[in-house]
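A.B. asks: Sharing final_26.pdb below, PDB, C-alpha atoms:
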```
MODEL        1
ATOM      1  CA  MET A   1     -17.659  17.921   6.167
ATOM      2  CA  GLU A   2     -20.534  15.709   5.062
ATOM      3  CA  ILE A   3     -19.848  16.455   1.410
ATOM      4  CA  ILE A   4     -16.202  15.431   1.844
ATOM      5  CA  ALA A   5     -17.308  12.176   3.481
ATOM      6  CA  VAL A   6     -19.829  11.386   0.743
ATOM      7  CA  ILE A   7     -17.251  12.069  -1.966
ATOM      8  CA  LEU A   8     -14.699   9.837  -0.213
ATOM      9  CA  ILE A   9     -17.191   6.973   0.192
ATOM     10  CA  LEU A  10     -18.372   7.148  -3.412
ATOM     11  CA  THR A  11     -14.752   7.269  -4.640
ATOM     12  CA  GLY A  12     -13.995   4.198  -2.534
ATOM     13  CA  LEU A  13     -16.962   2.348  -4.002
ATOM     14  CA  VAL A  14     -15.845   3.163  -7.557
ATOM     15  CA  PHE A  15     -12.310   1.898  -6.816
ATOM     16  CA  ASP A  16     -13.632  -1.277  -5.166
ATOM     17  CA  LEU A  17     -15.910  -1.907  -8.142
ATOM     18  CA  GLY A  18     -12.960  -1.492 -10.512
ATOM     19  CA  GLY A  19     -10.832  -3.843  -8.422
ATOM     20  CA  THR A  20     -13.533  -6.512  -8.342
ATOM     21  CA  ILE A  21     -14.102  -6.296 -12.092
ATOM     22  CA  GLY A  22     -10.344  -6.582 -12.551
ATOM     23  CA  ILE A  23     -10.124  -9.664 -10.311
ATOM     24  CA  LEU A  24     -12.948 -11.246 -12.279
ATOM     25  CA  ARG A  25     -12.068 -10.334 -15.845
ATOM     26  CA  LEU A  26      -8.280 -10.135 -16.218
ATOM     27  CA  PRO A  27      -6.626 -13.093 -17.949
ATOM     28  CA  ASP A  28      -3.860 -14.337 -15.609
ATOM     29  CA  VAL A  29      -2.646 -14.382 -12.002
ATOM     30  CA  TYR A  30      -0.123 -11.557 -12.340
ATOM     31  CA  THR A  31      -2.545  -8.957 -13.639
ATOM     32  CA  ARG A  32      -5.177 -10.042 -11.114
ATOM     33  CA  LEU A  33      -2.681  -9.666  -8.254
ATOM     34  CA  HIS A  34      -1.999  -6.163  -9.503
ATOM     35  CA  MET A  35      -5.702  -5.323  -9.203
ATOM     36  CA  ALA A  36      -6.054  -6.929  -5.769
ATOM     37  CA  GLY A  37      -2.998  -5.128  -4.419
ATOM     38  CA  LYS A  38      -3.728  -1.643  -5.700
ATOM     39  CA  LEU A  39      -7.403  -0.948  -6.274
ATOM     40  CA  ASP A  40      -8.784  -2.874  -3.283
ATOM     41  CA  THR A  41      -6.360  -1.152  -0.946
ATOM     42  CA  LEU A  42      -7.164   2.293  -2.268
ATOM     43  CA  GLY A  43     -10.913   1.580  -2.215
ATOM     44  CA  SER A  44     -10.813   0.432   1.404
ATOM     45  CA  LEU A  45      -8.698   3.449   2.342
ATOM     46  CA  CYS A  46     -11.196   5.893   0.818
ATOM     47  CA  LEU A  47     -14.178   4.161   2.459
ATOM     48  CA  LEU A  48     -12.514   4.056   5.900
ATOM     49  CA  LEU A  49     -11.437   7.707   5.662
ATOM     50  CA  GLY A  50     -14.985   8.687   4.693
ATOM     51  CA  LEU A  51     -16.381   6.841   7.719
ATOM     52  CA  ALA A  52     -13.807   8.498   9.986
ATOM     53  CA  VAL A  53     -14.894  11.920   8.690
ATOM     54  CA  ILE A  54     -18.604  11.120   9.244
ATOM     55  CA  ASN A  55     -17.833   9.949  12.758
ATOM     56  CA  ALA A  56     -15.821  13.062  13.608
ATOM     57  CA  ILE A  57     -18.589  15.512  12.635
ATOM     58  CA  PRO A  58     -19.924  16.080  16.233
ATOM     59  CA  MET A  59     -16.322  16.986  17.264
ATOM     60  CA  GLY A  60     -16.591  15.505  20.757
ATOM     61  CA  THR A  61     -13.596  13.922  22.527
ATOM     62  CA  ALA A  62     -15.095  10.413  22.346
ATOM     63  CA  GLU A  63     -15.923  10.771  18.638
ATOM     64  CA  LEU A  64     -12.437  11.990  17.841
ATOM     65  CA  PHE A  65     -10.988   9.049  19.802
ATOM     66  CA  VAL A  66     -13.048   6.559  17.780
ATOM     67  CA  SER A  67     -12.058   8.330  14.565
ATOM     68  CA  GLY A  68      -8.447   7.951  15.655
ATOM     69  CA  LYS A  69      -9.003   4.220  15.954
ATOM     70  CA  ILE A  70     -10.475   4.163  12.440
ATOM     71  CA  LEU A  71      -7.357   5.977  11.251
ATOM     72  CA  LEU A  72      -5.340   3.216  12.963
ATOM     73  CA  ILE A  73      -7.238   0.669  10.855
ATOM     74  CA  VAL A  74      -6.450   2.798   7.789
ATOM     75  CA  GLY A  75      -2.748   2.601   8.657
ATOM     76  CA  LEU A  76      -2.966  -1.156   9.219
ATOM     77  CA  VAL A  77      -4.718  -1.757   5.880
ATOM     78  CA  PHE A  78      -2.267   0.544   4.139
ATOM     79  CA  ILE A  79       0.686  -1.485   5.466
ATOM     80  CA  ALA A  80      -0.851  -4.962   5.494
ATOM     81  CA  SER A  81      -2.593  -5.256   2.149
ATOM     82  CA  PRO A  82       0.337  -4.394  -0.161
ATOM     83  CA  THR A  83       2.670  -6.467   2.050
ATOM     84  CA  ALA A  84       0.403  -9.492   1.699
ATOM     85  CA  THR A  85       0.185  -9.088  -2.077
ATOM     86  CA  HIS A  86       3.942  -8.743  -2.262
ATOM     87  CA  ALA A  87       4.436 -11.834  -0.069
ATOM     88  CA  TRP A  88       2.441 -13.827  -2.632
ATOM     89  CA  TRP A  89       4.129 -12.148  -5.542
ATOM     90  CA  THR A  90       7.645 -13.297  -4.555
ATOM     91  CA  PRO A  91       6.907 -17.062  -4.542
ATOM     92  CA  VAL A  92       5.192 -16.771  -7.922
ATOM     93  CA  PHE A  93       8.609 -15.990  -9.375
ATOM     94  CA  GLU A  94      10.330 -18.863  -7.547
ATOM     95  CA  PRO A  95      11.725 -21.376 -10.023
ATOM     96  CA  GLY A  96       9.472 -24.387 -10.336
ATOM     97  CA  SER A  97       6.354 -22.704  -9.028
ATOM     98  CA  HIS A  98       5.822 -20.510 -12.103
ATOM     99  CA  ARG A  99       2.501 -21.354 -13.665
ATOM    100  CA  GLY A 100       1.565 -18.998 -16.501
ATOM    101  CA  GLU A 101      -2.038 -19.113 -17.727
ATOM    102  CA  LYS A 102      -4.395 -17.666 -20.129
ATOM    103  CA  GLY A 103     -30.782   2.559  10.380
ATOM    104  CA  THR A 104     -30.800   4.291  13.402
ATOM    105  CA  GLN A 105     -30.103   2.843  16.867
ATOM    106  CA  GLY A 106     -32.176  -0.206  17.765
ATOM    107  CA  ASP A 107     -34.015  -0.143  14.452
ATOM    108  CA  ASN A 108     -33.174  -3.574  13.032
ATOM    109  CA  ALA A 109     -35.740  -3.359  10.257
ATOM    110  CA  MET A 110     -33.435  -1.561   7.828
ATOM    111  CA  ILE A 111     -30.629  -4.098   8.139
ATOM    112  CA  TRP A 112     -32.453  -7.106   6.730
ATOM    113  CA  GLU A 113     -31.091  -6.544   3.214
ATOM    114  CA  ILE A 114     -27.540  -6.988   4.528
ATOM    115  CA  LYS A 115     -28.560 -10.070   6.534
ATOM    116  CA  LEU A 116     -30.135 -11.705   3.497
ATOM    117  CA  ALA A 117     -27.194 -10.982   1.213
ATOM    118  CA  VAL A 118     -24.647 -12.214   3.786
ATOM    119  CA  LEU A 119     -26.716 -15.355   4.363
ATOM    120  CA  PHE A 120     -26.536 -16.074   0.634
ATOM    121  CA  VAL A 121     -22.739 -15.706   0.709
ATOM    122  CA  ILE A 122     -22.511 -17.990   3.772
ATOM    123  CA  PHE A 123     -24.521 -20.657   1.956
ATOM    124  CA  ALA A 124     -22.364 -20.420  -1.181
ATOM    125  CA  CYS A 125     -19.164 -20.627   0.915
ATOM    126  CA  ALA A 126     -20.351 -23.689   2.817
ATOM    127  CA  VAL A 127     -21.358 -25.603  -0.315
ATOM    128  CA  ALA A 128     -18.135 -24.626  -2.070
ATOM    129  CA  ALA A 129     -15.937 -25.630   0.904
ATOM    130  CA  ILE A 130     -17.493 -29.101   0.867
ATOM    131  CA  ASN A 131     -17.247 -29.568  -2.890
ATOM    132  CA  VAL A 132     -13.754 -28.218  -3.604
ATOM    133  CA  ARG A 133     -11.236 -31.043  -4.228
ATOM    134  CA  ASP A 134      -8.173 -29.037  -3.243
ATOM    135  CA  LEU A 135      -7.717 -29.169   0.561
ATOM    136  CA  LEU A 136      -5.897 -25.831   0.685
ATOM    137  CA  GLY A 137      -8.710 -24.248  -1.315
ATOM    138  CA  ALA A 138     -11.239 -25.781   1.069
ATOM    139  CA  GLY A 139      -9.347 -24.280   4.032
ATOM    140  CA  VAL A 140      -9.367 -20.839   2.420
ATOM    141  CA  LEU A 141     -13.085 -21.121   1.650
ATOM    142  CA  PHE A 142     -13.757 -22.154   5.242
ATOM    143  CA  GLY A 143     -11.928 -19.007   6.351
ATOM    144  CA  VAL A 144     -14.227 -16.913   4.141
ATOM    145  CA  TYR A 145     -17.188 -18.779   5.651
ATOM    146  CA  SER A 146     -16.019 -17.779   9.145
ATOM    147  CA  PHE A 147     -15.649 -14.147   8.059
ATOM    148  CA  MET A 148     -19.213 -14.191   6.779
ATOM    149  CA  MET A 149     -20.539 -15.845   9.950
ATOM    150  CA  CYS A 150     -18.827 -13.062  11.921
ATOM    151  CA  LEU A 151     -20.611 -10.468   9.755
ATOM    152  CA  GLN A 152     -23.942 -12.191  10.269
ATOM    153  CA  TRP A 153     -23.506 -12.181  14.070
ATOM    154  CA  LEU A 154     -22.689  -8.481  13.849
ATOM    155  CA  ALA A 155     -25.785  -7.770  11.755
ATOM    156  CA  MET A 156     -27.849  -9.575  14.403
ATOM    157  CA  GLY A 157     -26.309  -7.402  17.115
ATOM    158  CA  ALA A 158     -24.401 -10.212  18.883
ATOM    159  CA  VAL A 159     -21.125  -8.325  19.059
ATOM    160  CA  ASP A 160     -19.375 -10.597  21.571
ATOM    161  CA  VAL A 161     -20.141 -13.750  19.552
ATOM    162  CA  ALA A 162     -18.892 -11.985  16.423
ATOM    163  CA  PHE A 163     -15.666 -11.074  18.212
ATOM    164  CA  THR A 164     -15.065 -14.709  19.182
ATOM    165  CA  GLU A 165     -15.913 -15.884  15.667
ATOM    166  CA  ALA A 166     -13.436 -13.423  14.165
ATOM    167  CA  ALA A 167     -10.641 -14.431  16.542
ATOM    168  CA  ILE A 168     -11.141 -18.205  16.752
ATOM    169  CA  GLY A 169     -13.032 -19.064  13.555
ATOM    170  CA  ALA A 170     -11.507 -16.750  11.005
ATOM    171  CA  GLY A 171      -8.046 -16.147  12.433
ATOM    172  CA  ILE A 172      -6.734 -19.123  14.364
ATOM    173  CA  SER A 173      -8.717 -21.926  12.663
ATOM    174  CA  THR A 174      -7.655 -20.831   9.178
ATOM    175  CA  ALA A 175      -4.031 -20.685  10.282
ATOM    176  CA  PHE A 176      -4.333 -24.173  11.844
ATOM    177  CA  PHE A 177      -5.979 -25.631   8.739
ATOM    178  CA  LEU A 178      -3.260 -24.226   6.514
ATOM    179  CA  ALA A 179      -0.573 -25.536   8.886
ATOM    180  CA  ALA A 180      -2.209 -28.998   8.887
ATOM    181  CA  VAL A 181      -2.356 -29.060   5.070
ATOM    182  CA  PHE A 182       1.267 -27.982   4.975
ATOM    183  CA  ARG A 183       2.301 -30.832   7.330
ATOM    184  CA  THR A 184       0.325 -33.547   5.544
ATOM    185  CA  THR A 185      -0.817 -33.743   1.918
ATOM    186  CA  ARG A 186      -2.804 -31.389  -0.251
ATOM    187  CA  ARG A 187      -4.992 -33.801  -2.212
ATOM    188  CA  THR A 188      -8.018 -35.669  -0.879
ATOM    189  CA  LYS A 189      -7.986 -39.463  -1.083
ATOM    190  CA  ASP A 190     -11.513 -39.856  -2.475
TER     191      ASP A 190
ATOM    192  CA  MET B   1     -26.868   9.784   5.498
ATOM    193  CA  GLU B   2     -28.489   6.541   6.664
ATOM    194  CA  HIS B   3     -29.488   5.752   3.099
ATOM    195  CA  LEU B   4     -25.935   6.289   1.919
ATOM    196  CA  ILE B   5     -24.602   3.891   4.579
ATOM    197  CA  LEU B   6     -27.188   1.229   3.754
ATOM    198  CA  PHE B   7     -26.524   1.604   0.026
ATOM    199  CA  THR B   8     -22.763   1.344   0.601
ATOM    200  CA  SER B   9     -23.208  -1.826   2.691
ATOM    201  CA  VAL B  10     -25.383  -3.590   0.139
ATOM    202  CA  PHE B  11     -23.048  -2.530  -2.671
ATOM    203  CA  LEU B  12     -20.045  -3.940  -0.778
ATOM    204  CA  VAL B  13     -21.808  -7.263  -0.163
ATOM    205  CA  MET B  14     -22.545  -7.398  -3.901
ATOM    206  CA  LEU B  15     -18.847  -6.882  -4.666
ATOM    207  CA  MET B  16     -18.060  -9.652  -2.160
ATOM    208  CA  VAL B  17     -20.312 -12.044  -4.085
ATOM    209  CA  LEU B  18     -18.408 -11.174  -7.268
ATOM    210  CA  SER B  19     -15.051 -11.743  -5.535
ATOM    211  CA  LEU B  20     -16.409 -15.026  -4.192
ATOM    212  CA  TYR B  21     -16.684 -16.240  -7.786
ATOM    213  CA  ARG B  22     -12.921 -15.896  -8.149
ATOM    214  CA  THR B  23     -12.399 -17.589  -4.749
ATOM    215  CA  ILE B  24     -14.503 -20.613  -5.691
ATOM    216  CA  VAL B  25     -13.555 -21.038  -9.354
ATOM    217  CA  GLY B  26      -9.834 -20.423  -8.926
ATOM    218  CA  PRO B  27      -8.117 -21.637 -11.126
ATOM    219  CA  SER B  28      -4.942 -21.455  -8.993
ATOM    220  CA  THR B  29      -4.760 -21.279  -5.202
ATOM    221  CA  LEU B  30      -3.220 -17.846  -5.488
ATOM    222  CA  ASP B  31      -6.476 -16.685  -7.086
ATOM    223  CA  ARG B  32      -8.397 -18.105  -4.130
ATOM    224  CA  LEU B  33      -6.177 -16.310  -1.622
ATOM    225  CA  MET B  34      -6.562 -13.107  -3.620
ATOM    226  CA  GLY B  35     -10.340 -13.385  -3.480
ATOM    227  CA  MET B  36     -10.163 -14.083   0.255
ATOM    228  CA  ASN B  37      -8.026 -10.992   0.815
ATOM    229  CA  ALA B  38     -10.410  -8.846  -1.237
ATOM    230  CA  ILE B  39     -13.394 -10.127   0.765
ATOM    231  CA  GLY B  40     -11.531  -9.581   4.055
ATOM    232  CA  ALA B  41     -10.693  -5.971   3.172
ATOM    233  CA  LYS B  42     -14.331  -5.246   2.329
ATOM    234  CA  THR B  43     -15.500  -6.968   5.534
ATOM    235  CA  THR B  44     -13.469  -4.544   7.662
ATOM    236  CA  VAL B  45     -15.327  -1.635   6.094
ATOM    237  CA  LEU B  46     -18.663  -3.455   6.382
ATOM    238  CA  ILE B  47     -18.192  -3.985  10.141
ATOM    239  CA  LEU B  48     -17.777  -0.232  10.589
ATOM    240  CA  LEU B  49     -20.856   0.429   8.418
ATOM    241  CA  ILE B  50     -22.951  -1.953  10.549
ATOM    242  CA  GLY B  51     -21.602  -0.133  13.598
ATOM    243  CA  PHE B  52     -22.947   3.139  12.150
ATOM    244  CA  ILE B  53     -26.355   1.564  11.502
ATOM    245  CA  PHE B  54     -26.550   0.347  15.119
ATOM    246  CA  GLY B  55     -25.206   3.664  16.364
ATOM    247  CA  ARG B  56     -22.544   1.903  18.456
ATOM    248  CA  ILE B  57     -19.468   2.738  16.409
ATOM    249  CA  ASP B  58     -17.296   2.968  19.559
ATOM    250  CA  MET B  59     -17.818  -0.763  20.165
ATOM    251  CA  PHE B  60     -17.576  -1.949  16.559
ATOM    252  CA  VAL B  61     -14.331  -0.130  15.810
ATOM    253  CA  ASP B  62     -12.388  -2.459  18.130
ATOM    254  CA  ILE B  63     -13.770  -5.508  16.324
ATOM    255  CA  ALA B  64     -12.863  -4.025  12.948
ATOM    256  CA  LEU B  65      -9.336  -3.384  14.217
ATOM    257  CA  SER B  66      -8.804  -6.942  15.470
ATOM    258  CA  TYR B  67     -10.440  -8.251  12.319
ATOM    259  CA  ALA B  68      -8.037  -6.401  10.034
ATOM    260  CA  MET B  69      -5.084  -7.815  11.973
ATOM    261  CA  LEU B  70      -6.432 -11.398  11.912
ATOM    262  CA  ASN B  71      -7.068 -11.199   8.179
ATOM    263  CA  PHE B  72      -3.479 -10.093   7.709
ATOM    264  CA  ILE B  73      -2.184 -12.999   9.850
ATOM    265  CA  ALA B  74      -4.233 -15.595   7.940
ATOM    266  CA  VAL B  75      -3.022 -14.265   4.590
ATOM    267  CA  LEU B  76       0.616 -14.197   5.728
ATOM    268  CA  THR B  77       0.353 -17.813   6.977
ATOM    269  CA  ALA B  78      -0.884 -18.841   3.544
ATOM    270  CA  SER B  79       1.923 -17.025   1.765
ATOM    271  CA  ARG B  80       4.444 -18.729   4.077
ATOM    272  CA  TYR B  81       3.059 -22.028   2.813
ATOM    273  CA  PHE B  82       3.759 -20.907  -0.745
ATOM    274  CA  GLN B  83       7.270 -19.779   0.059
ATOM    275  CA  ALA B  84       8.141 -23.048   1.836
ATOM    276  CA  ARG B  85       6.696 -25.108  -0.991
ATOM    277  CA  GLY B  86       8.651 -23.146  -3.587
ATOM    278  CA  MET B  87      11.909 -23.748  -1.660
ATOM    279  CA  ARG B  88      11.144 -27.433  -1.267
ATOM    280  CA  LYS B  89      10.581 -27.715  -5.010
ATOM    281  CA  ARG B  90      13.865 -25.960  -5.707
ATOM    282  CA  ASP B  91      15.665 -28.406  -3.372
ATOM    283  CA  SER B  92      14.201 -31.395  -5.192
ATOM    284  CA  ASN B  93      15.264 -29.859  -8.522
ATOM    285  CA  LEU B  94      18.819 -29.505  -7.202
ATOM    286  CA  ARG B  95      18.795 -33.112  -6.075
ATOM    287  CA  VAL B  96      17.732 -34.245  -9.536
ATOM    288  CA  GLU B  97      20.620 -32.299 -11.038
ATOM    289  CA  GLU B  98      23.080 -34.045  -8.725
TER     290      GLU B  98
ENDMDL
END
```
Kindly present the structure from the file in structure tokens form.

C.D. replies:
Amino acid sequence: MEIIAVILILTGLVFDLGGTIGILRLPDVYTRLHMAGKLDTLGSLCLLLGLAVINAIPMGTAELFVSGKILLIVGLVFIASPTATHAWWTPVFEPGSHRGEKGTQGDNAMIWEIKLAVLFVIFACAVAAINVRDLLGAGVLFGVYSFMMCLQWLAMGAVDVAFTEAAIGAGISTAFFLAAVFRTTRRTKD
Amino acid sequence: MEHLILFTSVFLVMLMVLSLYRTIVGPSTLDRLMGMNAIGAKTTVLILLIGFIFGRIDMFVDIALSYAMLNFIAVLTASRYFQARGMRKRDSNLRVEE
């Protein structure tokens, strides 16, 4: 069982790495969308399945229940991610909008690497959200910032705060920002 | 097994940093959204990994579930913006033709 889980996780990491390299290196939007839609989805699926297998190893009722929930996430990602990519893909072909281009429990000591790395991402997001000229881009970056804050709360063990951050900060605020940009104008005055 | 989970987490955060480059630099907004979606997908996995490190996976799995749904909603809202803008542009084109 453990070997299956390890193989699944490593496969997922390889796919995610490929997807990220593709998003970074490919020349235009269409090919990059292809990468984001396919490899990222498959990578996440493999990782989540591997975690579900690890979790199900003790074979208790509670563990199997939690693994079932992880499988629910797998289903959600499997449906949601390609749908989202497709929903972007359609407007790209709309006339007029075509723009071709060229540890163990309670042991917090082993989690500090994650905290440090996430803190770096938070800092980069915050600076970028202030500096970006495009208001829609700033809204998107602020959404990423909220995601990262949520992760940082989780790494600190404040699960309830993280839950609120995910719901209010990442979900609703981003939707409101995008709606506000849609109702007004997209460029900043200054 | 703990080492594998820690290694996976750090590796995922590294990939997030790489995706963040695409989110910040662009060049089009679609690229930014794509980077955001990639980061969101990796975050869902990372929440579960942190849950394993804390040994409270039963609590973290609910957060990961709601998180995946919220990420989906945010992305769909953004794509609705694109769709509406594309239609508006087409309308203005028609008006010019008239």

A.B. asks: Using all atoms listed in the file, can you list as a ChimeraX atom specification the residues within 8 Å of (-10.7, -9.2, 9.0)?

C.D. replies: /A:147,166,170 /B:40-41,43-44,64-72

A.B. asks: What is the distance, in Å and to one decimal place, between atom CA of His34 of chain A and atom CA of Met16 of chain B?

C.D. replies: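 Computing the Euclidean distance for atom CA of His34 of chain A and atom CA of Met16 of chain B yields 18.0 Å.
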
A.B. asks: Taking the file as shown, find all residues satisfying the PyMOL selection byres ((chain B) within 6 of (chain A)) and write them as a count of residues only.

C.D. replies: 12

A.B. asks: Return the single residue from B:Val17, B:Leu6, B:Ile73, B:Ile63 that is closest to Ile39 of chain B, with distances computed using all atoms listed in the file.

C.D. replies: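 Among the listed residues, the smallest separation from Ile39 of chain B belongs to B:Val17.
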
A.B. asks: Please report the interatomic distance between atom CA of Gly50 of chain A and atom CA of Leu18 of chain B in Å with one decimal.

C.D. replies: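 Value for the atom CA of Gly50 of chain A-atom CA of Leu18 of chain B distance: 23.4 Å.
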